[in-house]
$ cat data-v8.tsv   # TSV, C-alpha atoms and all ligand atoms
chain	number	residue	atom	x	y	z
L	26	MET	CA	46.19	76.72	63.25
L	27	ASN	CA	47.98	76.40	59.94
L	28	ILE	CA	51.38	77.82	60.78
L	29	ALA	CA	54.03	78.46	58.15
L	30	PHE	CA	57.50	78.12	59.68
L	31	LEU	CA	59.98	80.49	58.01
L	32	TYR	CA	63.64	79.65	58.60
L	33	ASN	CA	67.11	79.83	57.07
L	34	VAL	CA	69.04	76.60	57.10
L	35	ARG	CA	72.81	76.35	57.27
L	36	HIS	CA	74.70	74.24	54.81
L	37	VAL	CA	78.20	74.86	56.25
L	38	TYR	CA	79.17	74.86	59.96
L	39	PRO	CA	81.11	78.06	60.77
L	40	ASP	CA	84.83	77.69	61.31
L	41	PRO	CA	86.25	80.41	63.60
L	42	LYS	CA	89.29	80.60	61.29
L	43	ASP	CA	87.28	80.94	58.09
L	44	TYR	CA	85.56	84.32	57.86
L	45	LEU	CA	84.08	83.89	54.42
L	46	ASN	CA	81.98	80.85	55.25
L	47	GLN	CA	80.65	82.68	58.28
L	48	VAL	CA	79.48	85.59	56.18
L	49	ALA	CA	77.28	83.36	54.12
L	50	GLU	CA	75.46	81.37	56.78
L	51	GLY	CA	76.73	82.20	60.22
L	52	ASP	CA	73.36	83.21	61.61
L	53	PHE	CA	71.42	80.36	60.02
L	54	ASP	CA	70.25	77.24	61.86
L	55	ASP	CA	71.50	73.68	61.42
L	56	PRO	CA	69.14	71.20	59.69
L	57	ILE	CA	68.79	69.25	62.96
L	58	THR	CA	67.67	72.44	64.75
L	59	ILE	CA	64.99	73.11	62.12
L	60	LYS	CA	63.83	69.48	62.34
L	61	TRP	CA	63.34	69.67	66.11
L	62	GLN	CA	61.72	73.10	65.97
L	63	ILE	CA	59.13	71.74	63.52
L	64	LYS	CA	58.54	68.69	65.76
L	65	HIS	CA	57.89	70.91	68.77
L	66	LEU	CA	55.56	73.21	66.83
L	67	LYS	CA	53.60	70.16	65.64
L	68	LYS	CA	53.34	68.86	69.19
L	69	LEU	CA	51.43	72.03	70.06
L	70	GLY	CA	48.71	70.71	67.75
L	71	HIS	CA	49.31	72.95	64.75
L	72	LYS	CA	49.68	72.05	61.10
L	73	ILE	CA	53.17	73.20	60.17
L	74	ILE	CA	54.18	74.31	56.68
L	75	PRO	CA	57.99	74.67	56.58
L	76	ILE	CA	59.25	77.32	54.13
L	77	GLU	CA	62.93	78.10	53.64
L	78	ALA	CA	63.41	81.89	53.61
L	79	ASP	CA	65.27	81.98	50.33
L	80	GLU	CA	64.59	83.71	47.01
L	81	LYS	CA	61.59	81.47	46.34
L	82	ALA	CA	59.90	82.14	49.68
L	83	TYR	CA	57.69	84.91	48.31
L	84	LEU	CA	56.28	82.65	45.59
L	85	LYS	CA	55.42	79.97	48.13
L	86	LEU	CA	53.87	82.45	50.54
L	87	TYR	CA	51.86	84.04	47.74
L	88	LYS	CA	50.49	80.67	46.69
L	89	LEU	CA	49.59	79.65	50.25
L	90	LYS	CA	48.48	83.01	51.62
L	91	ASP	CA	44.83	82.10	52.11
L	92	LYS	CA	45.72	78.86	53.90
L	93	ILE	CA	48.21	80.33	56.38
L	94	ASP	CA	46.81	81.56	59.71
L	95	LEU	CA	50.16	82.66	61.10
L	96	VAL	CA	53.86	82.64	60.21
L	97	PHE	CA	56.31	81.64	62.92
L	98	ASN	CA	59.31	83.63	61.77
L	99	ILE	CA	62.87	82.77	62.73
L	100	ALA	CA	64.30	83.78	59.33
L	101	GLU	CA	67.45	85.87	59.13
L	102	GLY	CA	66.86	86.72	55.47
L	103	LYS	CA	69.27	86.51	52.57
L	104	ASN	CA	71.48	89.08	50.90
L	105	GLY	CA	72.00	92.75	51.68
L	106	ARG	CA	72.39	94.85	54.79
L	107	ASP	CA	68.67	94.84	55.61
L	108	ARG	CA	68.12	91.11	55.11
L	109	GLU	CA	66.27	90.47	58.40
L	110	LEU	CA	63.36	92.62	57.27
L	111	GLN	CA	62.74	90.74	54.03
L	112	ILE	CA	60.32	88.10	55.33
L	113	PRO	CA	58.29	90.49	57.56
L	114	ALA	CA	58.02	92.89	54.59
L	115	MET	CA	56.72	90.12	52.30
L	116	LEU	CA	54.23	89.10	54.98
L	117	GLU	CA	52.98	92.67	55.40
L	118	MET	CA	52.41	92.89	51.67
L	119	LEU	CA	50.53	89.59	51.64
L	120	LYS	CA	48.59	90.47	54.83
L	121	ILE	CA	49.75	87.29	56.56
L	122	PRO	CA	50.04	87.61	60.38
L	123	TYR	CA	53.46	86.70	61.79
L	124	THR	CA	55.39	86.42	65.03
L	125	GLY	CA	58.03	89.00	65.94
L	126	CYS	CA	59.00	92.47	64.88
L	127	SER	CA	57.87	94.59	61.94
L	128	PRO	CA	60.16	95.16	58.93
L	129	LEU	CA	61.20	98.60	60.17
L	130	THR	CA	62.17	97.31	63.63
L	131	GLN	CA	63.98	94.32	62.11
L	132	GLY	CA	65.95	96.62	59.83
L	133	ILE	CA	66.99	98.86	62.70
L	134	ILE	CA	67.90	96.01	65.05
L	135	LEU	CA	70.17	94.36	62.49
L	136	ASP	CA	72.18	97.59	62.24
L	137	LYS	CA	73.84	98.01	65.65
L	138	ALA	CA	74.68	101.67	64.99
L	139	ARG	CA	71.13	102.66	63.94
L	140	ALA	CA	69.75	100.87	67.01
L	141	LYS	CA	72.21	102.76	69.24
L	142	GLU	CA	71.11	106.09	67.75
L	143	ILE	CA	67.58	105.27	68.89
L	144	PHE	CA	68.84	104.29	72.35
L	145	ILE	CA	70.66	107.62	72.66
L	146	LEU	CA	67.54	109.57	71.65
L	147	ASN	CA	65.57	107.71	74.31
L	148	ASN	CA	68.16	108.11	77.11
L	149	ILE	CA	68.90	104.39	77.15
L	150	PRO	CA	72.52	103.86	78.24
L	151	THR	CA	74.73	102.68	75.38
L	152	LEU	CA	78.43	103.21	74.64
L	153	PRO	CA	79.73	106.05	72.47
L	154	PHE	CA	80.64	104.66	69.06
L	155	GLN	CA	81.88	105.35	65.57
L	156	VAL	CA	81.04	103.65	62.30
L	157	PHE	CA	84.03	103.03	60.01
L	158	HIS	CA	83.51	102.68	56.25
L	159	SER	CA	87.25	102.45	55.61
L	160	GLU	CA	90.44	102.03	57.64
L	161	TYR	CA	91.33	105.62	56.63
L	162	ASP	CA	88.41	107.15	58.57
L	163	GLU	CA	89.73	109.32	61.40
L	164	LEU	CA	89.05	108.05	64.93
L	165	LYS	CA	86.89	110.40	67.03
L	166	LYS	CA	88.81	111.94	69.94
L	167	GLU	CA	86.27	110.81	72.53
L	168	LEU	CA	86.99	107.14	71.79
L	169	LYS	CA	89.93	105.94	73.90
L	170	PHE	CA	91.80	102.64	73.64
L	171	PRO	CA	91.29	99.79	74.28
L	172	LEU	CA	88.47	99.69	71.73
L	173	PHE	CA	86.21	96.89	70.51
L	174	VAL	CA	85.70	96.39	66.76
L	175	LYS	CA	82.84	94.42	65.21
L	176	PRO	CA	80.85	94.21	61.96
L	177	VAL	CA	77.86	96.56	62.17
L	178	SER	CA	75.21	94.09	60.99
L	179	GLU	CA	76.08	90.54	61.98
L	180	GLY	CA	75.02	88.19	64.76
L	181	SER	CA	76.22	85.00	66.47
L	182	SER	CA	79.56	86.72	67.13
L	183	MET	CA	80.48	86.67	63.45
L	184	GLY	CA	83.76	88.57	63.10
L	185	ILE	CA	84.22	88.74	66.89
L	186	THR	CA	87.41	86.99	67.96
L	187	ASN	CA	90.34	87.61	70.32
L	188	ASN	CA	91.49	90.19	67.74
L	189	SER	CA	88.37	92.33	68.28
L	190	VAL	CA	90.08	94.28	71.07
L	191	VAL	CA	92.54	96.83	69.70
L	192	ASN	CA	95.04	98.83	71.73
L	193	ASN	CA	96.36	101.40	69.25
L	194	LEU	CA	95.71	103.02	65.86
L	195	THR	CA	97.74	100.44	63.93
L	196	GLU	CA	95.76	97.54	65.38
L	197	LEU	CA	92.49	99.43	64.84
L	198	LYS	CA	93.19	100.09	61.14
L	199	LYS	CA	94.28	96.49	60.57
L	200	ARG	CA	91.13	95.11	62.19
L	201	VAL	CA	88.79	97.55	60.41
L	202	LYS	CA	90.36	96.69	57.07
L	203	LYS	CA	90.06	92.95	57.64
L	204	LEU	CA	86.43	93.08	58.77
L	205	ILE	CA	85.35	95.35	55.90
L	206	SER	CA	87.05	93.15	53.34
L	207	ASN	CA	85.58	89.95	54.81
L	208	PHE	CA	82.03	91.08	55.56
L	209	LYS	CA	81.62	93.78	52.87
L	210	GLU	CA	79.90	96.03	55.37
L	211	ALA	CA	80.73	98.87	57.77
L	212	VAL	CA	82.34	98.27	61.13
L	213	ILE	CA	81.34	99.65	64.52
L	214	VAL	CA	83.97	100.71	67.04
L	215	GLU	CA	83.25	101.36	70.72
L	216	PRO	CA	85.05	101.22	74.09
L	217	PHE	CA	85.96	97.76	75.37
L	218	LEU	CA	83.96	97.02	78.51
L	219	THR	CA	85.30	94.50	81.00
L	220	GLY	CA	82.51	94.39	83.61
L	221	ARG	CA	79.67	91.90	84.03
L	222	GLU	CA	77.64	90.87	80.99
L	223	PHE	CA	73.94	90.05	80.92
L	224	SER	CA	71.64	88.66	78.28
L	225	ILE	CA	67.96	89.22	78.93
L	226	ALA	CA	65.08	87.49	77.15
L	227	LEU	CA	61.64	89.10	76.90
L	228	VAL	CA	58.47	87.47	75.65
L	229	GLY	CA	54.81	88.41	75.46
L	230	ASN	CA	52.47	91.22	74.85
L	231	PRO	CA	53.04	93.15	77.11
L	232	PRO	CA	56.52	91.63	77.60
L	233	LYS	CA	57.53	89.42	80.50
L	234	ILE	CA	61.19	89.53	81.45
L	235	LEU	CA	62.71	86.05	81.83
L	236	PRO	CA	65.50	85.23	84.32
L	237	ILE	CA	68.74	87.03	83.48
L	238	ILE	CA	71.64	85.05	81.96
L	239	GLU	CA	75.22	85.95	82.85
L	240	PRO	CA	78.19	84.39	81.08
L	241	ASN	CA	80.87	84.05	83.74
L	242	HIS	CA	83.93	85.22	81.82
L	243	ASN	CA	86.13	84.39	84.82
L	244	LEU	CA	85.72	80.71	83.96
L	245	LEU	CA	87.14	81.04	80.44
L	246	PRO	CA	90.48	79.35	79.75
L	247	LYS	CA	93.35	81.89	79.50
L	248	LYS	CA	93.55	81.62	75.70
L	249	TYR	CA	90.17	83.38	75.38
L	250	LEU	CA	89.80	87.09	76.14
L	251	PRO	CA	86.88	87.83	78.53
L	252	PHE	CA	84.00	88.21	76.10
L	253	ASP	CA	81.70	86.02	74.00
L	254	SER	CA	83.83	85.68	70.90
L	255	LEU	CA	83.11	83.26	68.11
L	256	GLU	CA	85.48	80.75	69.67
L	257	VAL	CA	83.71	80.98	73.04
L	258	LYS	CA	80.20	80.64	71.59
L	259	TRP	CA	80.94	77.98	68.99
L	260	ILE	CA	83.60	75.91	70.69
L	261	PHE	CA	83.78	76.49	74.44
L	262	GLU	CA	80.01	76.77	75.18
L	263	GLU	CA	79.03	73.97	72.84
L	264	GLU	CA	81.63	71.57	74.22
L	265	GLY	CA	80.01	72.12	77.58
L	266	ALA	CA	83.56	72.54	78.84
L	267	ASN	CA	82.27	74.26	81.93
L	268	ALA	CA	78.67	73.71	82.89
L	269	ASP	CA	78.80	76.74	85.19
L	270	TYR	CA	79.75	79.21	82.42
L	271	LEU	CA	76.20	80.43	81.81
L	272	VAL	CA	74.68	81.49	85.12
L	273	CYS	CA	70.88	81.68	85.11
L	274	PRO	CA	69.36	83.29	87.05
L	275	ALA	CA	72.30	85.69	87.35
L	276	ILE	CA	72.96	86.81	90.89
L	277	VAL	CA	72.25	90.55	90.87
L	278	ASP	CA	71.19	92.80	93.73
L	279	LYS	CA	67.80	94.48	93.59
L	280	LYS	CA	69.19	97.84	92.53
L	281	LEU	CA	71.02	96.44	89.52
L	282	ARG	CA	68.15	94.11	88.62
L	283	ASP	CA	65.67	97.00	88.64
L	284	LYS	CA	68.04	99.03	86.47
L	285	LEU	CA	68.46	96.16	83.97
L	286	HIS	CA	64.72	95.53	83.83
L	287	LYS	CA	63.97	99.20	83.23
L	288	ILE	CA	66.54	99.34	80.43
L	289	CYS	CA	64.97	96.28	78.78
L	290	LEU	CA	61.46	97.70	78.90
L	291	ASP	CA	62.74	101.04	77.57
L	292	VAL	CA	64.49	99.24	74.68
L	293	TRP	CA	61.31	97.26	73.93
L	294	GLU	CA	59.29	100.44	73.76
L	295	ALA	CA	61.84	102.56	71.89
L	296	LEU	CA	62.32	99.98	69.14
L	297	GLU	CA	58.63	98.96	69.12
L	298	ILE	CA	59.45	95.29	69.55
L	299	ASP	CA	56.76	92.65	69.16
L	300	ASP	CA	56.43	89.27	70.90
L	301	TRP	CA	60.05	88.40	71.73
L	302	CYS	CA	63.64	89.55	71.73
L	303	ARG	CA	66.89	89.15	73.67
L	304	ILE	CA	68.84	92.16	74.85
L	305	ASP	CA	72.62	92.02	75.41
L	306	ILE	CA	73.99	94.36	78.07
L	307	ARG	CA	77.49	94.81	79.45
L	308	CYS	CA	78.68	96.80	82.48
L	309	ASP	CA	81.76	98.87	83.12
L	310	GLU	CA	83.92	98.14	86.16
L	311	LYS	CA	81.57	100.26	88.29
L	312	ASN	CA	78.56	98.08	87.39
L	313	ASN	CA	77.01	100.71	85.10
L	314	PRO	CA	75.09	98.82	82.39
L	315	TYR	CA	75.18	99.68	78.66
L	316	VAL	CA	73.06	98.08	75.94
L	317	LEU	CA	75.32	96.36	73.39
L	318	GLU	CA	72.63	95.17	71.00
L	319	VAL	CA	69.25	93.51	70.55
L	320	ASN	CA	68.59	90.09	68.99
L	321	SER	CA	65.43	89.55	66.95
L	322	PRO	CA	64.56	86.85	66.21
L	323	PRO	CA	66.83	85.52	68.95
L	324	GLY	CA	68.49	82.08	68.71
L	325	MET	CA	65.99	79.39	69.64
L	326	ILE	CA	67.80	76.03	69.51
L	327	PRO	CA	65.76	73.18	71.05
L	328	PRO	CA	67.15	71.29	74.08
L	329	GLU	CA	67.59	68.12	72.00
L	330	VAL	CA	70.30	69.98	70.04
L	331	SER	CA	71.81	72.42	72.57
L	332	MET	CA	71.35	73.14	76.25
L	333	THR	CA	73.12	76.50	75.98
L	334	SER	CA	70.79	78.35	73.60
L	335	TYR	CA	70.12	81.52	75.60
L	336	PHE	CA	66.39	82.11	75.07
L	337	PRO	CA	65.23	78.54	75.84
L	338	LEU	CA	67.69	78.45	78.79
L	339	ALA	CA	66.16	81.60	80.32
L	340	ALA	CA	62.66	80.17	79.78
L	341	ARG	CA	63.60	76.80	81.37
L	342	THR	CA	64.87	78.67	84.42
L	343	ALA	CA	61.43	80.30	84.66
L	344	GLY	CA	59.79	76.84	84.48
L	345	ILE	CA	58.72	77.24	80.83
L	346	ASP	CA	59.75	74.34	78.58
L	347	TYR	CA	60.56	74.72	74.88
L	348	GLU	CA	57.01	74.08	73.71
L	349	GLY	CA	55.64	76.36	76.40
L	350	LEU	CA	57.91	79.08	75.06
L	351	LEU	CA	56.81	78.53	71.44
L	352	LYS	CA	53.22	78.71	72.68
L	353	LYS	CA	53.86	82.03	74.43
L	354	ILE	CA	55.37	83.57	71.28
L	355	ILE	CA	52.44	82.36	69.17
L	356	GLU	CA	49.85	83.57	71.71
L	357	SER	CA	51.53	86.95	71.88
L	358	ALA	CA	51.31	87.39	68.10
L	359	VAL	CA	47.71	86.16	67.95
L	360	LYS	CA	46.72	88.64	70.67
L	361	ARG	CA	48.29	91.50	68.70
L	362	TYR	CA	46.38	90.68	65.54
L	363	LYS	CA	43.08	90.37	67.45
L	364	LYS	CA	43.27	94.02	68.50
Z	401	LIG	N1	81.96	97.06	73.53
Z	401	LIG	C1	82.16	95.84	74.00
Z	401	LIG	N2	82.94	95.65	75.09
Z	401	LIG	C2	83.16	94.40	75.57
Z	401	LIG	N3	82.67	93.29	75.03
Z	401	LIG	C3	81.88	93.42	73.94
Z	401	LIG	C4	81.58	94.71	73.37
Z	401	LIG	N4	80.78	94.50	72.29
Z	401	LIG	C5	80.59	93.16	72.21
Z	401	LIG	N5	81.26	92.52	73.19
Z	401	LIG	C6	81.34	91.07	73.43
Z	401	LIG	O1	81.12	90.38	72.21
Z	401	LIG	C7	79.94	89.59	72.30
Z	401	LIG	C8	79.18	89.64	70.97
Z	401	LIG	O2	78.84	90.99	70.70
Z	401	LIG	P1	77.41	91.38	70.16
Z	401	LIG	O3	76.37	90.85	71.09
Z	401	LIG	O4	77.41	92.82	69.87
Z	401	LIG	O5	77.44	90.57	68.79
Z	401	LIG	P2	76.47	89.54	68.04
Z	401	LIG	O6	77.32	88.79	67.12
Z	401	LIG	O7	75.35	90.30	67.47
Z	401	LIG	O8	75.95	88.61	69.21
Z	401	LIG	P3	74.74	87.53	69.22
Z	401	LIG	O9	75.40	86.20	69.29
Z	401	LIG	O10	74.04	87.88	70.48
Z	401	LIG	O11	73.93	87.70	67.99
Z	401	LIG	C9	79.15	90.15	73.46
Z	401	LIG	O12	78.31	89.19	74.00
Z	401	LIG	C10	80.27	90.60	74.39
Z	401	LIG	O13	80.79	89.51	75.14
Z	402	MG	MG	74.92	89.60	71.20
$ encode --input "data-v8.tsv" --output "structure tokens" --more "lines below"
Ligand SMILES: Nc1ncnc2c1ncn2[C@@H]1O[C@H](COP(=O)(O)OP(=O)(O)OP(=O)(O)O)[C@@H](O)[C@H]1O
Ligand SMILES: [Mg+2]
Amino acid sequence: MNIAFLYNVRHVYPDPKDYLNQVAEGDFDDPITIKWQIKHLKKLGHKIIPIEADEKAYLKLYKLKDKIDLVFNIAEGKNGRDRELQIPAMLEMLKIPYTGCSPLTQGIILDKARAKEIFILNNIPTLPFQVFHSEYDELKKELKFPLFVKPVSEGSSMGITNNSVVNNLTELKKRVKKLISNFKEAVIVEPFLTGREFSIALVGNPPKILPIIEPNHNLLPKKYLPFDSLEVKWIFEEEGANADYLVCPAIVDKKLRDKLHKICLDVWEALEIDDWCRIDIRCDEKNNPYVLEVNSPPGMIPPEVSMTSYFPLAARTAGIDYEGLLKKIIESAVKRYKK
């Protein structure tokens, strides 16, 4: 097939101390990642047309629309709170088939609060929450400290650091103010969970659930609080400081596994996800799981660049190598369009 590969490339590597650089390109992929992704796609026997998902992407897609059989979309989009839906929306308009979710689903997934509203309507367990548009908004009574504060529409732990946990109103206001001023978007506040965390990758049509990943927060050095902050994802995991940090397959008893699997399938259905996604879930101290958020398109860094990229790691554990995983995503999309 002629496959156009739509991506966003990073020009600056995020610095956990520098919020503004993160805002611009935190979710984007490094040039080396893009290079290897293209190599792997080519090895599957396809002709690959790389297109950067920037302001000129529409012009290129328009020109090539009759030559493109499928778009492999890992683009995050550029500018605005709905940026992840930009490329799928262009592709819908041009009638070009593509991998992954529709514009509507992409738009909802990027906004953690909107996604949670859909979970609540569908009886999918998620934490109570409040969206703050200013530090002067009044905290709902049902939300009790300690609380967790994060930007409503970011990924890759942008804006999530040791300071994300707040213990009183003064700390909450300070954090809300800082995040709003740095990210120029609303902030979501919810209870701070300290139980087990799971990240679950799904692929296919209908979806197959890959082995569950569990970051073992007990192995984090004392200076990190027990969650996947920016520092943990970008420094600790990448340094490979502790090879046992990401457990896959996670050791879960049948009851919990069944519960997690059901939640994932319910999320897939409620959000009308296509082809692939990764669902992040965290438990309270009594092992009750709550959906934190959904990642689409999820990070997909090839093994030549990182061995800790969650989706490829879950696939490897299931005996599916990187190219096998790309093939599954492509086949899933092709099957959908054949219907
Ligand atoms: N309410 C919470 N209680 C405890 N920990 C949380 C909570 N919300 C988020 N976290 C921690 O912060 C991490 C990042 O949060 P979340 O997954 O919502 O953000 P993200 O930046 O979209 O992540 P991703 O890297 O998956 O795109 C989680 O993996 C978890 O460790
Ligand atoms: Mg996450």
$ residues_near_point --input "data-v8.tsv" --point "(76.7, 98.0, 62.7)" --cutoff "12 Å" --atoms "all atoms listed in the file" --output "number ranges by chain"
L: 106-107, 132-142, 154-158, 174-180, 183-184, 204-205, 208-215, 317-319
$ atom_distance --input "data-v8.tsv" --atom1 "CA of Ile288 (chain L)" --atom2 "atom O8 of ligand LIG 401 (chain Z)"
18.2 Å
$ residues_near_ligand --input "data-v8.tsv" --ligand "ligand LIG 401 (chain Z)" --cutoff "7 Å" --atoms "only C-alpha atoms and all ligand atoms" --output "CSV table (one decimal) with C-alpha atoms, in the frame of the given file"
chain,number,residue,atom,x,y,z
L,173,PHE,CA,86.2,96.9,70.5
L,179,GLU,CA,76.1,90.5,62.0
L,180,GLY,CA,75.0,88.2,64.8
L,181,SER,CA,76.2,85.0,66.5
L,182,SER,CA,79.6,86.7,67.1
L,183,MET,CA,80.5,86.7,63.4
L,185,ILE,CA,84.2,88.7,66.9
L,215,GLU,CA,83.2,101.4,70.7
L,216,PRO,CA,85.0,101.2,74.1
L,217,PHE,CA,86.0,97.8,75.4
L,218,LEU,CA,84.0,97.0,78.5
L,219,THR,CA,85.3,94.5,81.0
L,222,GLU,CA,77.6,90.9,81.0
L,252,PHE,CA,84.0,88.2,76.1
L,253,ASP,CA,81.7,86.0,74.0
L,254,SER,CA,83.8,85.7,70.9
L,305,ASP,CA,72.6,92.0,75.4
L,307,ARG,CA,77.5,94.8,79.4
L,317,LEU,CA,75.3,96.4,73.4
L,318,GLU,CA,72.6,95.2,71.0
L,320,ASN,CA,68.6,90.1,69.0
$ closest_residue --input "data-v8.tsv" --among "L:Val228, L:Ile143, L:Ile149, L:Ile234" --to "Glu356 (chain L)" --atoms "only C-alpha atoms"
L:Val228
$ atom_distance --input "data-v8.tsv" --atom1 "CA of Ser189 (chain L)" --atom2 "CA of Pro337 (chain L)"
28.0 Å
$ closest_residue --input "data-v8.tsv" --among "L:Lys88, L:Arg200, L:Arg303, L:Lys166" --to "ligand MG 402 (chain Z)" --atoms "all atoms listed in the file"
L:Arg303
$ atom_distance --input "data-v8.tsv" --atom1 "CA of Asp55 (chain L)" --atom2 "CA of Leu89 (chain L)"
25.3 Å
$ closest_residue --input "data-v8.tsv" --among "L:Lys279, L:Lys258, L:Lys64, L:Lys169" --to "ligand MG 402 (chain Z)" --atoms "all atoms listed in the file"
L:Lys258
$ residues_around --input "data-v8.tsv" --residues "Pro328 (chain L)" --least-positions-apart "4" --cutoff "8 Å" --atoms "all atoms listed in the file" --output "list in words"
Met332, Ser334, Pro337 and Tyr347 of chain L
